[in-house]
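**Q** Below is a structure I'd like to ask you about.
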Amino acid sequence: MAAPDLDTDVLVVGAGPAGLLLAGDLAEAGVRVTVVEQLVAPTTQSRASTLHARTMTLLAERGILGRLGQLTGGGPGHFGGIRLDLTAADPAHPHAGQWKCPQARLEAVLGARAGELGVRVRRGQRATGLAADGDRVRLTVRADDGTSDQLSARYLVGCDGERSTVRELAGFAVTGTPATKEMLRADVAGIDVPNRRFERLAGGMATASRWPDGSTRVMVHRYGAAARPRAVDPDLAEVAATWEQVTGERIGHGVPVWLNAFDNTTLQVTEYRRGRVLLAGDAAHRQMPVGGQALNLAVQDAAALGAALVARLTGRGGEPGDEVGDEPLDGYHRARHPIGARALTNIQAQVLLLLGGPEVDPVRELLAELMRHDVARAHLAAMISGLPGPDRAHRHQRDGSDRASRPDRAEPVAGITRATHGQARERIRMGRLTDTTALVTGSSRGIGRATALRLAADGALVAVHYATNGDAARETVALIEKDGGRAFAVRAELGVPGDVHELFLGLERGLRERTGEAVLDILVNNAGATTPAGVAPEEVTAEELDRLFAVNARAPFLIVQRALGLLRDGGRIINISSGLTRFANPEQVAYAMTKGAVEQITLHFARHLASRGITVNTVAPGITNNGSPLFDIPEAVEQMARLSAFGRVGDASDVADVVAFLASRDGRWVTGSFVDASGGTLLGAAGGAA
Ligand code: NAP
Ligand code: P7Q
């Protein structure tokens, strides 16, 4: 459809992810496209490493997601160093969360697709001149051998990164703010420093993570250190000096593999289109690489621009596309400019949170507090994931039931009305367990805490049991009260003589003080002792076996027995077991034996208590992030994530939501059952690429 004297319809400068995706989309729609790239061969630098939900969908829509191979979940994500579970954007999204994929692998797949669709990539050629006349653009390119060539096209797109030549040549206007803060980054071999994620120390912020090859990626910022113009990358001596100032550790003896510095320069073009020239990705907006958004924004820009150019160029009639006019291209600017601006704002906010000194601590605290609310988490996670936020998304009804029954003594768990919008759901969920009471053992931390929070959010009065960690238990109570829920803490070490008696003294007193009676609707046997990894079956001692059985099996049995006198008819018992009762892991044999025993409580008491309408069920989590430091080590998380069919480790809330279902009225027809809440860990290994 190009005029015969034109070289091509669309010229794309830059064969990064944006340029290659765009070129493929254009070629697929029958638009002629040529890509110009200054690098002779694709880069192998690590660069970006994270794909977000919207990007995953774009790749799936093009049929190339599977070509990336099995991707592992990239953990929960963060906002300015404050933990943020990106699946909160839309937990039902097929690609919820973030996914690890080196940029080089993505480029290889996008490049192969473009090649198959007939795209020509002219490598080793640099754009040096640009002229627009009438209905065409002319681009001068210079090859490495010094020879120049001129290419003509109807449209030119700059996907050539933050130092975009196309942006310069076409004279785009930009707005932004200069650098104020700088971060040093290095991959260093031969050093041994502890892994840490955004650790805030007295003098600065430090991050370290060991690569599988044994080298360590360190990033460091000294609070208050201003950015300075750099002609060359920092050397190891500079990085090591800053690292020592901030952490007190020495790394100067290491071998640097890669060193660089990056700053928070912010820049955005005021218009994404200037006549026949358009920009996408970093060429249109430059930002500090915080939170892995740049690559995702670029790919999403490119997809939007591809659709706009196809609409512009493939209309019907004599002169293809002319009756459509420039509207689609202006629409591209109108759609993507505000998204870019919003991303720059969130990134600047994250830079302040991450690289600000102690003066930002109060803001971090408040923000962390807000982020404990579903809606706030969903809002930020959606912004980063490229998905519509909770205020805009049409939510799937998740927990609706047509029966709006009143709380009822025989069936204590209140029914709810149909909810279709996020906010309505939030409010209605508050009512599901009103007038009920719950005991969650071991709810100072981990899965127990998440369960206590969820049951309290549903309206239950929750007894937060703990053994040693009083501060953490009080924090659980405070978190519940902050959201308008009701809870109290109860201490009792389980597995020692008198344990269950002590627990029930505290429980009954707490219930009487608040409700006037000692009546329990929901019991969650969650507290558990675990064995350290790395102990061979041969090394398990009799004492250890006794301790595990005392805490994990004996105590839950005695708690159920003692609870019978408190439990209301129609009540609920949920026992937390482990996927390890069906997944062999010899190092955990003793622990798994105790969980096998707990599952017997479910079977036999389900029969025993059915006449009273009490259900008894087992929930079996797989590897679940309980906040232990292990889950701060990206490599460890990646390895554990592979065990789940969904490629990520469980979140405590993933398990808590399952418990809440069994505790709710909706779970009334389920008793004596084993509910696998391990994200498909028991399905076995995948047969092939997803
Ligand atoms: P966690 O973070 O290790 O917390 C354990 C909780 O149990 C804490 O509240 C702790 O109280 C309490 N606890 C431990 N020993 C106790 C004792 N002797 N007496 C009284 N309380 C005691 O636990 P989690 O990882 O969330 O695990 C919760 C349950 O899920 C456990 O039954 C575990 O076996 C099961 N599970 C966990 C995973 C996983 O990957 N995380 C996987 C499958 C199953 P203090 O804070 O006071 O010490
Ligand atoms: O491997 C587990 C596992 C584990 C551990 O790693 C050690 C820890 C955290 O001290 C106790 C622990 C408890 C568990 O319940 C599991 C577990 O459920 C699991 C593991 C590995 C593979 C599959 C699993 O469940 C299906």
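Simple scheme: letters A, B, ... for chains in structure tokens order, numbers from 1 for residues in each chain, numbers from 1 for ligands in the order shown.
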Give me, as JSON lines, each residue of chain A that comes within 8 Å of ligand 2, together with its shortest interatomic pair and the distance in Å at one decimal, counting only C-alpha atoms and all ligand atoms, with rows ordered by chain and rising residue number.

**A**
{"residue": "A:Thr530", "atom": "CA", "partner": "ligand 2", "partner_atom_place_in_ligand_line": "10 (O)", "distance": 4.7}
{"residue": "A:Thr531", "atom": "CA", "partner": "ligand 2", "partner_atom_place_in_ligand_line": "10 (O)", "distance": 5.1}
{"residue": "A:Pro532", "atom": "CA", "partner": "ligand 2", "partner_atom_place_in_ligand_line": "10 (O)", "distance": 4.9}
{"residue": "A:Ala533", "atom": "CA", "partner": "ligand 2", "partner_atom_place_in_ligand_line": "7 (C)", "distance": 5.2}
{"residue": "A:Ser577", "atom": "CA", "partner": "ligand 2", "partner_atom_place_in_ligand_line": "15 (O)", "distance": 7.3}
{"residue": "A:Ser578", "atom": "CA", "partner": "ligand 2", "partner_atom_place_in_ligand_line": "15 (O)", "distance": 4.4}
{"residue": "A:Gly579", "atom": "CA", "partner": "ligand 2", "partner_atom_place_in_ligand_line": "26 (C)", "distance": 3.4}
{"residue": "A:Leu580", "atom": "CA", "partner": "ligand 2", "partner_atom_place_in_ligand_line": "25 (O)", "distance": 4.5}
{"residue": "A:Thr581", "atom": "CA", "partner": "ligand 2", "partner_atom_place_in_ligand_line": "26 (C)", "distance": 7.7}
{"residue": "A:Arg582", "atom": "CA", "partner": "ligand 2", "partner_atom_place_in_ligand_line": "26 (C)", "distance": 7.1}
{"residue": "A:Phe583", "atom": "CA", "partner": "ligand 2", "partner_atom_place_in_ligand_line": "26 (C)", "distance": 5.6}
{"residue": "A:Ala584", "atom": "CA", "partner": "ligand 2", "partner_atom_place_in_ligand_line": "22 (C)", "distance": 7.8}
{"residue": "A:Asn585", "atom": "CA", "partner": "ligand 2", "partner_atom_place_in_ligand_line": "21 (C)", "distance": 6.7}
{"residue": "A:Gln588", "atom": "CA", "partner": "ligand 2", "partner_atom_place_in_ligand_line": "4 (C)", "distance": 7.1}
{"residue": "A:Tyr591", "atom": "CA", "partner": "ligand 2", "partner_atom_place_in_ligand_line": "13 (C)", "distance": 7.7}
{"residue": "A:Ala592", "atom": "CA", "partner": "ligand 2", "partner_atom_place_in_ligand_line": "15 (O)", "distance": 7.7}
{"residue": "A:Ala620", "atom": "CA", "partner": "ligand 2", "partner_atom_place_in_ligand_line": "18 (O)", "distance": 7.5}
{"residue": "A:Pro621", "atom": "CA", "partner": "ligand 2", "partner_atom_place_in_ligand_line": "18 (O)", "distance": 5.8}
{"residue": "A:Gly622", "atom": "CA", "partner": "ligand 2", "partner_atom_place_in_ligand_line": "25 (O)", "distance": 3.6}
{"residue": "A:Ile623", "atom": "CA", "partner": "ligand 2", "partner_atom_place_in_ligand_line": "17 (C)", "distance": 4.9}
{"residue": "A:Thr624", "atom": "CA", "partner": "ligand 2", "partner_atom_place_in_ligand_line": "18 (O)", "distance": 7.8}
{"residue": "A:Met640", "atom": "CA", "partner": "ligand 2", "partner_atom_place_in_ligand_line": "21 (C)", "distance": 7.5}
{"residue": "A:Leu643", "atom": "CA", "partner": "ligand 2", "partner_atom_place_in_ligand_line": "22 (C)", "distance": 6.6}
{"residue": "A:Ser678", "atom": "CA", "partner": "ligand 2", "partner_atom_place_in_ligand_line": "26 (C)", "distance": 6.1}
{"residue": "A:Thr681", "atom": "CA", "partner": "ligand 2", "partner_atom_place_in_ligand_line": "26 (C)", "distance": 5.5}
{"residue": "A:Leu682", "atom": "CA", "partner": "ligand 2", "partner_atom_place_in_ligand_line": "26 (C)", "distance": 6.2}

**Q** Mind the document's chain letters and residue numbers, and return as a PyMOL selection string the residues of stretch 377-618 of chain A that DSSP labels strand (DSSP E).

**A** chain A and resi 437-440+461-466+486-491+520-525+567-576+615-618

**Q** Can you tell me which residues come within 7 Å of ligand 1 when counting only C-alpha atoms and all ligand atoms, ideally as a PyMOL selection string?

**A** chain A and resi 441-448+465-470+472+492-495+526-530+551-552+576-579+620-628+652

**Q** Which is closest to A:Arg274 among A:Gly516, A:Arg122, A:Leu169, A:Lys100, if we use only C-alpha atoms?

**A**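 Of all the options, A:Leu169 lies closest to A:Arg274.
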
**Q** Closest to A:Met219 among A:Leu523, A:Ala114, A:Leu305, A:Leu354, using only C-alpha atoms?

**A** A:Leu354

**Q** Find the residues around stretch 554-560 of chain A up to 10 Å (only C-alpha atoms counted), leave out those fewer than 2 positions away in its own chain, and share them as a ChimeraX atom specification.

**A** /A:441,493-496,499-501,503-504,523-528,546-552,562-567,573,575-576,594,597-598,600-602,605

**Q** Let's have the selection written as an mmCIF file, in the first residue's frame, with N, CA and C atoms.

**A**
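Wrote part-v9.cif, looks like this:
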data_model
loop_
_atom_site.group_PDB
_atom_site.id
_atom_site.type_symbol
_atom_site.label_atom_id
_atom_site.label_comp_id
_atom_site.auth_asym_id
_atom_site.auth_seq_id
_atom_site.Cartn_x
_atom_site.Cartn_y
_atom_site.Cartn_z
ATOM 1 N N THR A 441 -5.469 -19.950 66.181
ATOM 2 C CA THR A 441 -4.228 -20.178 66.919
ATOM 3 C C THR A 441 -3.053 -19.755 66.041
ATOM 4 N N GLU A 493 1.621 -20.973 75.343
ATOM 5 C CA GLU A 493 2.556 -21.813 74.599
ATOM 6 C C GLU A 493 1.955 -23.204 74.490
ATOM 7 N N LEU A 494 1.865 -23.702 73.276
ATOM 8 C CA LEU A 494 1.288 -25.025 73.047
ATOM 9 C C LEU A 494 2.394 -26.075 73.066
ATOM 10 N N GLY A 495 1.999 -27.317 73.436
ATOM 11 C CA GLY A 495 2.982 -28.398 73.445
ATOM 12 C C GLY A 495 3.648 -28.564 74.793
ATOM 13 N N VAL A 496 3.168 -27.842 75.791
ATOM 14 C CA VAL A 496 3.697 -27.993 77.149
ATOM 15 C C VAL A 496 2.520 -28.290 78.082
ATOM 16 N N ASP A 499 -1.094 -26.364 78.604
ATOM 17 C CA ASP A 499 -1.173 -25.381 77.518
ATOM 18 C C ASP A 499 -2.611 -25.034 77.121
ATOM 19 N N VAL A 500 -3.426 -26.094 76.931
ATOM 20 C CA VAL A 500 -4.775 -25.864 76.412
ATOM 21 C C VAL A 500 -5.657 -25.205 77.477
ATOM 22 N N HIS A 501 -5.409 -25.574 78.708
ATOM 23 C CA HIS A 501 -6.164 -24.945 79.797
ATOM 24 C C HIS A 501 -5.886 -23.437 79.836
ATOM 25 N N LEU A 503 -4.852 -21.565 77.432
ATOM 26 C CA LEU A 503 -5.445 -20.949 76.238
ATOM 27 C C LEU A 503 -6.925 -20.647 76.462
ATOM 28 N N PHE A 504 -7.642 -21.631 77.022
ATOM 29 C CA PHE A 504 -9.094 -21.439 77.144
ATOM 30 C C PHE A 504 -9.467 -20.489 78.277
ATOM 31 N N LEU A 523 -13.267 -22.138 64.879
ATOM 32 C CA LEU A 523 -11.954 -22.482 65.427
ATOM 33 C C LEU A 523 -11.017 -22.798 64.260
ATOM 34 N N VAL A 524 -9.909 -22.083 64.201
ATOM 35 C CA VAL A 524 -8.898 -22.390 63.184
ATOM 36 C C VAL A 524 -7.641 -22.872 63.900
ATOM 37 N N ASN A 525 -7.326 -24.155 63.746
ATOM 38 C CA ASN A 525 -6.096 -24.729 64.298
ATOM 39 C C ASN A 525 -4.970 -24.466 63.321
ATOM 40 N N ASN A 526 -4.281 -23.348 63.545
ATOM 41 C CA ASN A 526 -3.253 -22.927 62.592
ATOM 42 C C ASN A 526 -1.842 -23.000 63.164
ATOM 43 N N ALA A 527 -1.680 -22.748 64.480
ATOM 44 C CA ALA A 527 -0.327 -22.691 65.053
ATOM 45 C C ALA A 527 0.413 -23.969 64.704
ATOM 46 N N GLY A 528 1.659 -23.838 64.344
ATOM 47 C CA GLY A 528 2.418 -25.024 63.986
ATOM 48 C C GLY A 528 3.890 -24.796 64.202
ATOM 49 N N ASP A 546 8.816 -35.675 69.377
ATOM 50 C CA ASP A 546 7.849 -35.419 70.450
ATOM 51 C C ASP A 546 7.379 -33.968 70.432
ATOM 52 N N ARG A 547 8.313 -33.046 70.251
ATOM 53 C CA ARG A 547 7.955 -31.631 70.261
ATOM 54 C C ARG A 547 6.990 -31.321 69.110
ATOM 55 N N LEU A 548 7.320 -31.851 67.915
ATOM 56 C CA LEU A 548 6.469 -31.587 66.751
ATOM 57 C C LEU A 548 5.070 -32.150 66.966
ATOM 58 N N PHE A 549 5.026 -33.383 67.489
ATOM 59 C CA PHE A 549 3.699 -33.984 67.716
ATOM 60 C C PHE A 549 2.929 -33.210 68.782
ATOM 61 N N ALA A 550 3.636 -32.749 69.802
ATOM 62 C CA ALA A 550 2.962 -32.042 70.899
ATOM 63 C C ALA A 550 2.310 -30.760 70.391
ATOM 64 N N VAL A 551 3.039 -30.003 69.558
ATOM 65 C CA VAL A 551 2.517 -28.712 69.092
ATOM 66 C C VAL A 551 1.523 -28.898 67.947
ATOM 67 N N ASN A 552 1.843 -29.781 67.013
ATOM 68 C CA ASN A 552 1.087 -29.840 65.759
ATOM 69 C C ASN A 552 -0.088 -30.818 65.775
ATOM 70 N N ARG A 562 -11.665 -29.528 73.897
ATOM 71 C CA ARG A 562 -12.060 -28.504 74.866
ATOM 72 C C ARG A 562 -13.060 -27.508 74.264
ATOM 73 N N ALA A 563 -12.942 -27.267 72.951
ATOM 74 C CA ALA A 563 -13.814 -26.281 72.290
ATOM 75 C C ALA A 563 -15.246 -26.790 72.152
ATOM 76 N N LEU A 564 -15.431 -28.114 72.245
ATOM 77 C CA LEU A 564 -16.776 -28.664 72.004
ATOM 78 C C LEU A 564 -17.819 -28.001 72.904
ATOM 79 N N GLY A 565 -17.400 -27.678 74.141
ATOM 80 C CA GLY A 565 -18.327 -27.055 75.072
ATOM 81 C C GLY A 565 -18.631 -25.604 74.744
ATOM 82 N N LEU A 566 -17.812 -24.972 73.930
ATOM 83 C CA LEU A 566 -17.998 -23.554 73.582
ATOM 84 C C LEU A 566 -18.621 -23.372 72.205
ATOM 85 N N LEU A 567 -18.436 -24.383 71.360
ATOM 86 C CA LEU A 567 -18.822 -24.214 69.954
ATOM 87 C C LEU A 567 -20.336 -24.168 69.801
ATOM 88 N N ILE A 573 -14.867 -25.810 62.219
ATOM 89 C CA ILE A 573 -13.495 -26.100 62.638
ATOM 90 C C ILE A 573 -12.660 -26.260 61.376
ATOM 91 N N ASN A 575 -8.706 -27.084 60.219
ATOM 92 C CA ASN A 575 -7.366 -27.504 60.629
ATOM 93 C C ASN A 575 -6.375 -27.224 59.503
ATOM 94 N N ILE A 576 -5.284 -26.536 59.852
ATOM 95 C CA ILE A 576 -4.280 -26.235 58.833
ATOM 96 C C ILE A 576 -3.256 -27.368 58.809
ATOM 97 N N THR A 594 3.142 -35.284 61.599
ATOM 98 C CA THR A 594 2.228 -34.588 62.518
ATOM 99 C C THR A 594 1.037 -34.022 61.759
ATOM 100 N N ALA A 597 -1.456 -36.619 61.104
ATOM 101 C CA ALA A 597 -2.263 -36.845 62.303
ATOM 102 C C ALA A 597 -3.381 -35.810 62.416
ATOM 103 N N VAL A 598 -3.064 -34.566 62.107
ATOM 104 C CA VAL A 598 -4.077 -33.501 62.182
ATOM 105 C C VAL A 598 -5.233 -33.799 61.225
ATOM 106 N N GLN A 600 -6.469 -36.522 60.546
ATOM 107 C CA GLN A 600 -7.367 -37.503 61.155
ATOM 108 C C GLN A 600 -8.399 -36.831 62.071
ATOM 109 N N ILE A 601 -8.007 -35.721 62.687
ATOM 110 C CA ILE A 601 -8.981 -34.962 63.493
ATOM 111 C C ILE A 601 -10.139 -34.564 62.597
ATOM 112 N N THR A 602 -9.825 -34.092 61.410
ATOM 113 C CA THR A 602 -10.858 -33.650 60.466
ATOM 114 C C THR A 602 -11.828 -34.788 60.156
ATOM 115 N N PHE A 605 -13.802 -36.134 63.544
ATOM 116 C CA PHE A 605 -14.683 -35.152 64.184
ATOM 117 C C PHE A 605 -15.759 -34.641 63.222
#

**Q** Could you pull out all residues of stretch 507-670 of chain A with a DSSP call of alpha helix (DSSP H) and give them as a VMD selection string?

**A** chain A and resid 507 to 515 542 to 549 555 to 563 589 to 609 634 to 641 652 to 663

**Q** So how far away is atom CA of A:Ala173 from atom CA of A:Leu344, in Å?

**A**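 Pair atom CA of A:Leu344 / atom CA of A:Ala173 returns 16.8 Å.
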
**Q** Would you compute the distance between atom CA of A:Trp258 and atom CA of A:Ser209? Give it in Å to one decimal.

**A**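 If I compute the distance from atom CA of A:Trp258 to atom CA of A:Ser209, I get 14.3 Å.
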
**Q** Please, what distance in Å, to one decimal, runs between atom CA of A:His379 and atom CA of A:Ser653?

**A**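 Taking atom CA of A:His379 as the start and atom CA of A:Ser653 as the end point, the length is 17.8 Å.
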
**Q** Rank nothing, just name the residue among A:Ser664, A:Gly146, A:Gln561, A:Ile633 nearest to A:Asp521, using only C-alpha atoms.

**A**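 Looking at the shortest contact to A:Asp521, the residue is A:Ser664.
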
**Q** Extract, using only C-alpha atoms, all DNA, RNA and protein residues at most 10 Å from A:His221, discarding same-chain residues fewer than 2 positions from it, and format them as a list in words.

**A**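 Final neighbour list, sorted by chain and number: Lys181, Glu182, Met183, Leu184, Arg185, Arg200, Gly203, Gly204, Met205, Ala206, Thr207, Met219, Tyr223, Gly224, Ala225, Ala226, Val239, Thr242, Trp243, Gln245, Val246, Leu354, Leu355 and Gly356 of chain A.
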
**Q** Using the selection just defined, write its residues with N, CA and C atoms as a short mmCIF file (atom, residue, chain, number, x, y, z; two decimals), in the first residue's frame.

**A**
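Dumped to selection06.cif:
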data_model
loop_
_atom_site.label_atom_id
_atom_site.label_comp_id
_atom_site.auth_asym_id
_atom_site.auth_seq_id
_atom_site.Cartn_x
_atom_site.Cartn_y
_atom_site.Cartn_z
N LYS A 181 18.87 12.79 42.54
CA LYS A 181 19.38 11.66 43.31
C LYS A 181 19.96 10.62 42.35
N GLU A 182 20.94 9.92 42.88
CA GLU A 182 21.64 8.95 42.04
C GLU A 182 21.78 7.64 42.80
N MET A 183 21.76 6.56 42.05
CA MET A 183 21.96 5.24 42.66
C MET A 183 23.12 4.59 41.92
N LEU A 184 23.99 3.93 42.68
CA LEU A 184 25.09 3.19 42.06
C LEU A 184 24.69 1.73 41.99
N ARG A 185 25.08 1.09 40.90
CA ARG A 185 24.67 -0.30 40.71
C ARG A 185 25.86 -1.09 40.16
N ARG A 200 16.85 -0.10 54.56
CA ARG A 200 17.05 1.30 54.95
C ARG A 200 17.96 1.33 56.17
N GLY A 203 22.55 5.58 57.09
CA GLY A 203 23.12 6.53 56.14
C GLY A 203 22.64 6.39 54.71
N GLY A 204 21.84 5.37 54.44
CA GLY A 204 21.44 5.19 53.06
C GLY A 204 20.64 3.91 52.86
N MET A 205 20.42 3.59 51.58
CA MET A 205 19.60 2.43 51.23
C MET A 205 20.49 1.45 50.46
N ALA A 206 20.39 0.17 50.80
CA ALA A 206 21.23 -0.83 50.14
C ALA A 206 20.41 -2.05 49.77
N THR A 207 20.75 -2.60 48.61
CA THR A 207 20.09 -3.80 48.13
C THR A 207 21.19 -4.74 47.65
N MET A 219 23.10 -2.51 44.87
CA MET A 219 22.65 -1.17 44.55
C MET A 219 22.71 -0.37 45.84
N TYR A 223 21.93 8.66 51.52
CA TYR A 223 20.92 9.70 51.69
C TYR A 223 21.57 11.07 51.53
N GLY A 224 20.92 11.92 50.77
CA GLY A 224 21.39 13.29 50.62
C GLY A 224 22.43 13.47 49.54
N ALA A 225 23.02 12.37 49.05
CA ALA A 225 24.03 12.50 48.00
C ALA A 225 23.36 12.97 46.72
N ALA A 226 23.83 14.08 46.18
CA ALA A 226 23.20 14.63 44.98
C ALA A 226 23.71 13.90 43.75
N VAL A 239 31.99 2.61 44.05
CA VAL A 239 30.84 1.83 44.53
C VAL A 239 31.17 1.24 45.90
N THR A 242 31.09 3.87 48.74
CA THR A 242 29.72 4.22 49.13
C THR A 242 29.08 3.06 49.88
N TRP A 243 29.32 1.84 49.38
CA TRP A 243 28.75 0.65 50.02
C TRP A 243 29.22 0.56 51.47
N GLN A 245 30.33 3.02 53.38
CA GLN A 245 29.74 4.11 54.17
C GLN A 245 28.34 3.74 54.65
N VAL A 246 27.58 3.08 53.77
CA VAL A 246 26.18 2.82 54.08
C VAL A 246 26.01 1.54 54.92
N LEU A 354 11.98 5.68 48.42
CA LEU A 354 13.08 4.73 48.43
C LEU A 354 14.39 5.40 48.81
N LEU A 355 14.62 6.60 48.27
CA LEU A 355 15.92 7.24 48.43
C LEU A 355 15.86 8.43 49.37
N GLY A 356 14.72 8.66 49.98
CA GLY A 356 14.64 9.71 50.99
C GLY A 356 15.24 9.20 52.28
#

**Q** So which residues touch A:Gly134 within 12 Å, counting only C-alpha atoms, skipping near sequence neighbours fewer than 6 positions away, as a ChimeraX atom specification?

**A** /A:152-155,275-276

**Q** So that I can see what lies close to A:Tyr272, please list as JSON, numbers by chain the residues with an atom at most 8 Å from it, counting only C-alpha atoms and leaving out residues fewer than 3 positions away in the same chain.

**A** {"A": [269, 278, 279, 280, 284, 332, 333, 337]}

**Q** Restrict the selected residues to all heavy atoms and save them as a CSV table (one decimal), in the first residue's frame.

**A**
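Result written to result38.csv:
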chain,number,residue,atom,x,y,z
A,269,VAL,N,7.8,13.9,26.5
A,269,VAL,CA,7.5,14.8,25.4
A,269,VAL,C,6.1,15.3,25.6
A,269,VAL,O,5.2,14.6,26.1
A,269,VAL,CB,7.7,14.1,24.0
A,269,VAL,CG1,9.1,13.8,23.8
A,269,VAL,CG2,6.8,12.9,23.9
A,278,LEU,N,6.3,9.8,15.3
A,278,LEU,CA,5.7,9.4,16.6
A,278,LEU,C,6.8,8.8,17.5
A,278,LEU,O,7.8,8.3,17.0
A,278,LEU,CB,4.6,8.4,16.3
A,278,LEU,CG,3.5,9.0,15.5
A,278,LEU,CD1,3.4,8.3,14.1
A,278,LEU,CD2,2.1,8.9,16.2
A,279,LEU,N,6.5,8.8,18.8
A,279,LEU,CA,7.5,8.3,19.7
A,279,LEU,C,6.7,7.2,20.6
A,279,LEU,O,5.5,7.4,20.9
A,279,LEU,CB,8.1,9.3,20.6
A,279,LEU,CG,8.9,10.4,20.0
A,279,LEU,CD1,9.4,11.4,21.0
A,279,LEU,CD2,10.1,9.9,19.2
A,280,ALA,N,7.5,6.2,21.0
A,280,ALA,CA,6.9,5.2,21.9
A,280,ALA,C,8.0,4.8,22.9
A,280,ALA,O,9.2,4.8,22.6
A,280,ALA,CB,6.4,4.0,21.2
A,284,ALA,N,9.7,8.5,24.5
A,284,ALA,CA,8.6,9.5,24.8
A,284,ALA,C,8.7,9.9,26.3
A,284,ALA,O,8.1,10.9,26.7
A,284,ALA,CB,7.3,8.9,24.5
A,332,TYR,N,-3.8,8.1,19.8
A,332,TYR,CA,-2.6,7.4,20.5
A,332,TYR,C,-2.0,8.4,21.5
A,332,TYR,O,-1.8,8.0,22.7
A,332,TYR,CB,-1.6,7.0,19.4
A,332,TYR,CG,-0.2,6.7,20.0
A,332,TYR,CD1,0.0,5.6,20.8
A,332,TYR,CD2,0.9,7.5,19.8
A,332,TYR,CE1,1.2,5.3,21.4
A,332,TYR,CE2,2.1,7.2,20.3
A,332,TYR,CZ,2.3,6.1,21.1
A,332,TYR,OH,3.5,5.9,21.7
A,333,HIS,N,-1.8,9.6,21.1
A,333,HIS,CA,-1.3,10.6,22.1
A,333,HIS,C,-2.2,10.8,23.2
A,333,HIS,O,-1.8,10.7,24.4
A,333,HIS,CB,-1.0,11.9,21.4
A,333,HIS,CG,-0.8,13.1,22.4
A,333,HIS,ND1,0.3,13.2,23.1
A,333,HIS,CD2,-1.7,14.0,22.8
A,333,HIS,CE1,0.2,14.3,23.9
A,333,HIS,NE2,-1.0,14.8,23.7
A,337,HIS,N,-0.3,9.5,26.6
A,337,HIS,CA,0.4,10.6,27.3
A,337,HIS,C,0.0,10.6,28.8
A,337,HIS,O,0.9,10.7,29.7
A,337,HIS,CB,0.2,11.9,26.6
A,337,HIS,CG,0.9,13.1,27.2
A,337,HIS,ND1,0.4,13.8,28.3
A,337,HIS,CD2,2.2,13.6,27.0
A,337,HIS,CE1,1.3,14.7,28.7
A,337,HIS,NE2,2.4,14.6,27.9
